[in-house]
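In what follows, a structure is listed as structure tokens, so that the remarks can point back to it.
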Amino acid sequence: TTPDVGSIPSMIMGGKWMGYKSREHIYFFNRNTMNGYLDKNGFKLKKFAHIGKYVSRNLVFDRLKYYFGFLAILTSFLKYVMPRYFYLNPFDIAYIWGQKEID
């Protein structure tokens, strides 16, 4: 898995996107670049999907405040009706499965 630099959240958030963690990621990939690296090294792309994860409601509201301060204030009442943890898939983490091609 890797952050998908070609995702809609990446394009909307720009430099604030969570995938741009300078100390964690040196290179950034999208579907085309990953497929190119797989092909160049004798692998065939078998599956490409976006995966999510379980997050806390506090994380969601912290991120809303960071990205869209006014939106976090307008939606803060939701914090009291949302589950404490829930599955969230913003479609910006790519799952890539490649398989070596055998001649």
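FYI, nothing fancy with the structure tokens labels: chains A, B, ... in order, residues from 1 per chain, ligands from 1 as they appear.
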
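Residues in contact with A:Val5 at up to 6 Å, not including ones fewer than 3 positions away on its chain and judged by only C-alpha atoms, are A:Ser10, A:Phe29, A:Asn30.
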
Keeping only C-alpha atoms, take the residues you just selected and write them out as a compact mmCIF listing (two decimals), in the first residue's frame.
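Generated output (part.txt):
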# COMPACT_ATOMS: atom_id res chain seq x y z
CA SER A 10 -4.53 14.64 -2.89
CA PHE A 29 3.05 7.18 -6.81
CA ASN A 30 -0.24 6.97 -8.64

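When the distance limit is 10 Å and only C-alpha atoms are what count, the residues near stretch 88-91 of chain A, minus those fewer than 5 positions from it on the same chain, are Pro3, Asp4, Ser7, Ile8, Pro9, Ser10, Ala49, His50, Ile51, Gly52, Lys53, Tyr54, Val55, Ser56 and Val60 of chain A.
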
Next item on the list: Could you find all residues in chain A that DSSP calls alpha helix (DSSP H) from the backbone, and write them as an NGL selection string?
Entry: :A and (8-13 or 31-40 or 57-67 or 69-74)

Tell me, counting only C-alpha atoms, for each residue of stretch 64-103 of chain A within 6 Å of stretch 39-44 of chain A, which pair of atoms is nearest and how far apart they are in Å to one decimal, in rows ordered by chain and increasing number, as JSON lines.
{"residue": "A:Gly98", "atom": "CA", "partner": "A:Lys44", "partner_atom": "CA", "distance": 5.3}
{"residue": "A:Gln99", "atom": "CA", "partner": "A:Phe43", "partner_atom": "CA", "distance": 5.1}
{"residue": "A:Lys100", "atom": "CA", "partner": "A:Phe43", "partner_atom": "CA", "distance": 4.2}
{"residue": "A:Glu101", "atom": "CA", "partner": "A:Phe43", "partner_atom": "CA", "distance": 5.5}

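For the set A:Phe77, A:Thr2, A:Tyr95, A:Phe86, the residue with the smallest atom-to-atom gap to A:His25 is A:Thr2, counting only C-alpha atoms.
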
Item checked: Contact residues around A:Thr75 with only C-alpha atoms at 10 Å, ignoring same-chain residues under 4 positions, as a ChimeraX atom specification -> /A:61,64,70-71,79

Margin query: Just the number, please: distance in Å from atom CA of A:Phe28 to atom CA of A:Tyr67, one decimal.
Written below: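 Atom CA of A:Phe28 sits 21.0 Å away from atom CA of A:Tyr67.
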
Checklist line | Pick from A:Thr1, A:Met18, A:Leu78, A:Ile96 nearest to A:Arg63, counting only C-alpha atoms | finding: A:Met18

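Of the residues in chain A, those that DSSP places in strand (DSSP E or B) on the basis of the backbone are Thr2, Pro3, Asp4, Phe29, Phe43, Lys44, Leu45, Lys46, Lys47, Phe48, Ala49, His50, Lys53, Tyr54, Val55, Ser56, Tyr85, Phe86, Tyr87, Leu88, Ile93, Ala94, Tyr95, Ile96, Trp97, Gly98, Gln99 and Lys100 of chain A.
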
Item checked: Nearest-residue call for A:Asn32, choices A:Met82, A:Leu45, A:Ile102, A:Ala72, using only C-alpha atoms -> A:Leu45

Check: How many Å separate atom CA of A:Gly69 from atom CA of A:Arg84?
Finding: 21.1 Å

Next item on the list: Quote the spacing between atom CA of A:Trp17 and atom CA of A:Lys46 in Å to one decimal place.
Entry: 27.4 Å

Checklist line | Which of A:Ile93, A:Val81, A:Met13, A:Ile73 sits closest to A:Phe48 [using only C-alpha atoms] | finding: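 Using only C-alpha atoms, the shortest distance to A:Phe48 belongs to A:Ile93.
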